[in-house]
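Please read the structure below before turning to the comments.
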Amino acid sequence: MRIAALHYETIPNFTIETSHDLTVILQNDPLLNTDVFHLSFDHIRAGESYTKNELKTDFNLAYSKGFNDGSLGSDRAAIDYTESRDPNGVSIKVRFPKGKLKTADSGIDTRIDLEGVFNNNTFTSDDLYLSYWVKFSSNFEFDKCGGKLPSLGGSTFNSSEDRWKGRIMWRKGGSIQFYMELPDSRFTASDEDRFWGEKTQEGSGICAFEYTPFLSEPGWHNIELHYKFETPGQNDGLFEGWIDGKNFNSINASVFKNYRPKGSSRAGITINTILLSAFLGGSDIEDYAPTEDIFAWFDEFRVATQRVNEWSRYTEQETLSLTERSPNTTPTIVAYPNPNPTGVFKLTQACSWRVYTLLGVEIAKGYSDVIDLNNAAKGTYLLRLKEHMSKLVIA
């Protein structure tokens, strides 16, 4: 899965004619022409055993923490087919183990370099948006002091020098805080500038006071971030964000004034990295570490050159996944287990069925209560059962 979301969800204007009375449309994604990168995880096989080496291969990574490499405690991330933001999709499930902190023992930490996947490895930008979805487990301990969430970052072009990270964090109660790591540690801002929303509880120190608890609300949340470096001499840089499409906050040029002056350690930094990181920070076990295993799910990462605003698109029922002429049809017959490693699926009752590749090529059909695809390659296929179209996954 590389630039411009090269999978079934975003192939523009692609139509599969499956019969005279059914058309499956792989819907046009209006962001396709502005996406720099789209990561949905839908192509990854399921399971706790998804390995660090597979991750590196799939996403051109130099390193990763939290994916299984065979060592004790390294299996903190899994591909989950039971939770996803897009219909019938998958997500990445991240575990924050009981009593653990920092990237060696908590959550995940990796870096997807946009240089490695775009424009002949020369991609850099001064102005980019990042959008993704996150959901927290019902036992998530928002009474703790906080941790870091995915964001964008970068370094001097074609180098690992002068690396910077434009992070956000969740804080006590489920509030959100801007957090910036610059090469010379030059980031000073008041709590009022860094926290989103309004202060809801007074207190002394980061583990005491609270701001608007955006993230503690149950369900999926959309986070969108915008990073703009200053135009030389214009002092117009900013770091801004939205939660669920509407709750907005920004740190503007009053904080980042002249943060890339010529001759400084920040002069050559640029935006060229997705920080796929989510872990519990801090050093005090009592204040930061969970008292039991807690979890978060992440899905549908997009980097774009304009506002993404996926919250509105989803809430207005503008689905990104496959649709048909009767999109509200609820299937009465289902295939199981799905996904599975053998390619042999059972149906809840015998019926006529057809199986297609994602490009619409029919590979099997029949009338039975078993679909045997044991000779098919691992991957995702389309299953037609009467009026309903769904996915089959051989993991």
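In the structure tokens, the first chain shown is A, the next is B, and so on; residue numbers restart at 1 for each chain, and ligands run from 1 in the order shown.
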* Asked: Using only C-alpha atoms, which residues sit within 9 Å of range 285-294 of chain A once same-chain residues fewer than 4 positions away are excluded, as a list in words?
  ->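 Close residues of range 285-294 of chain A: Val94, Arg95, Phe96, Pro97, Lys98, Gly99, Lys100, Leu101, Phe136, Ser137, Ser138, Asn139, Phe140, Glu141, Asp143, Lys144, Cys145, Gly146, Gly147, Cys207, Leu280 and Gly281 of chain A.
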| query | Could you write out, as number ranges by chain, all the residues of range 43-239 of chain A that DSSP marks as strand (DSSP E or B)? | reply | A: 47, 51, 64-65, 68, 77-80, 91-96, 108-113, 125, 127-136, 146-154, 156, 164-171, 175-181, 195, 199-201, 210-211, 221-228, 238-239
Among A:Gly66, A:Gly154, A:Pro232, A:Gly89, Lys391 in chain A is approached most closely, using only C-alpha atoms, by A:Gly89
| message | Need to verify the contact set: Asp193 in chain A, 12 Å, only C-alpha atoms, exclusion of same-chain residues closer than 4 positions in sequence. Can you return it as number ranges by chain? | response | A: 176-179, 187-189, 197-199, 211, 239-240, 249-256
What separates CA of Ile79 in chain A and CA of Pro337 in chain A is a distance of 16.1 Å
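Take CA of Tyr129 in chain A and CA of Gly263 in chain A: the distance between them is 27.2 Å.
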Item checked: Residues within 8 Å of Asn272 in chain A, only C-alpha atoms, excluding chain neighbours under 5 positions, as number ranges by chain -> A: 113-115, 123-125, 152-155
Of A:Leu130, A:Asp86, A:Lys165, A:Lys172, the one sitting nearest Glu202 in chain A when using only C-alpha atoms is A:Lys172
